[in-house]
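Engineer: Here it is: the structure, laid out below.
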Amino acid sequence: MKKTPHITPKTKNSLHFGLFLCCLALLMAGCDLFNHEEKYDKTLLTGTWASGTLHEHYNTAGTGYTWDTADDVTEEEAQPFTWTLEGSTLTQIHQMEMGGNVPKTYTVTKLNATTLSYHDDYGKYYTFTKQ
């Protein structure tokens with residue numbers, strides 16, 4: 001009896017490659033390949049926020065100031081900063097009394113009419129309530 005191959009080696013290789021592509025597509029469908037960064041409404045940020053003794057005030061013009069009553073600092077003695085909010089990245093550039101600027105970058109995790117939460121890259125988390 002004569003053997004006739006129904007599947008040639010070329011066809012077999014094509015089937016293996018197709019199966020590999022299907023598996024790869026299924027695996028990639030379960031991955032989050034694109035960064036779905038939250039976007040927050042910067043108009044919600046304006047006003048005064050408090051977290052314990054730490055206070056921050058944000059103006060609509062991208063300026064603000066911060067003070068901590070635990071350090072015996074009043075609002076009148078607050079440290080000024082400029083700020084931007086792009087996506088979920090909050091950047092504050094603090095203006096030092098002796099000159100110089102200190103940039104601080106945070107990732108906002110919650111911003112609504114009453115709550116502001118953010119954290120830095122060093123594991124420090126903050127949650128503020130609007131005053």
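Identifiers in the structure tokens: chain A, B, ... in order shown; residue index from 1 per chain; ligand index from 1 in order shown.
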Among the residues of range 13-126 of chain A, find those DSSP assigns to strand (DSSP E or B) from the backbone and print them as a PyMOL selection string.
Structural biologist: chain A and resi 47-51+54-58+63-68+79-86+89-95+101-111+115-119+125-126
Engineer: For the structure I just gave you, how does DSSP split chain A - specifically, which residues are helix (DSSP H, G or I)? Reply as an MDAnalysis selection string.
Structural biologist: chainID A and resid 9:29 42:45 69:71 75:77
Engineer: If we count only C-alpha atoms, what is near Phe128 in chain A at a cut-off of 12 Å, once residues fewer than 3 positions away on the same chain are taken out, given as a list in words?
Structural biologist: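 Residues meeting the cut-off are Leu45, Gly47, Thr48, Trp49, Ala50, Ser51, Gly52, Thr53, Leu54, His55, Glu56, His57, Val108, Thr109, Lys110, Leu111, Asn112, Ala113, Thr114, Thr115, Leu116, Ser117, Tyr118, His119, Tyr125 and Gln131 of chain A.
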Engineer: At a cut-off of 9 Å, using only C-alpha atoms, what residues contact Thr91 in chain A? Leave out same-chain residues fewer than 4 positions from it and give the result as a PyMOL selection string.
Structural biologist: chain A and resi 82-86+103-107
Engineer: Just C-alpha atoms for this one: save the residues we selected as an mmCIF file, in the first residue's frame.
Structural biologist:
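part28.cif, written as the output of this step:
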```
data_model
loop_
_atom_site.group_PDB
_atom_site.id
_atom_site.type_symbol
_atom_site.label_atom_id
_atom_site.label_comp_id
_atom_site.auth_asym_id
_atom_site.auth_seq_id
_atom_site.Cartn_x
_atom_site.Cartn_y
_atom_site.Cartn_z
ATOM 1 C CA THR A 82 3.690 76.652 41.483
ATOM 2 C CA TRP A 83 1.793 73.609 40.335
ATOM 3 C CA THR A 84 0.642 71.725 37.259
ATOM 4 C CA LEU A 85 -1.669 68.748 36.931
ATOM 5 C CA GLU A 86 -1.304 66.743 33.736
ATOM 6 C CA PRO A 103 10.392 70.258 42.383
ATOM 7 C CA LYS A 104 8.149 67.571 43.866
ATOM 8 C CA THR A 105 6.232 65.130 41.699
ATOM 9 C CA TYR A 106 3.239 63.103 42.850
ATOM 10 C CA THR A 107 0.802 60.643 41.304
#
```
Engineer: What is the CA of Asp71 in chain A-CA of Thr129 in chain A distance in Å, reported with one decimal?
Structural biologist: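 Taking CA of Asp71 in chain A and CA of Thr129 in chain A, their separation equals 19.8 Å.
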Engineer: Quick check, in Å to one decimal: how far apart do CA of Thr127 in chain A and CA of Asp72 in chain A lie?
Structural biologist: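 Taking CA of Thr127 in chain A and CA of Asp72 in chain A, their separation equals 21.0 Å.
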Engineer: Please measure the separation of CA of Thr46 in chain A and CA of Glu97 in chain A, giving the value in Å to one decimal.
Structural biologist: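 Calculated distance between CA of Thr46 in chain A and CA of Glu97 in chain A is 23.8 Å.
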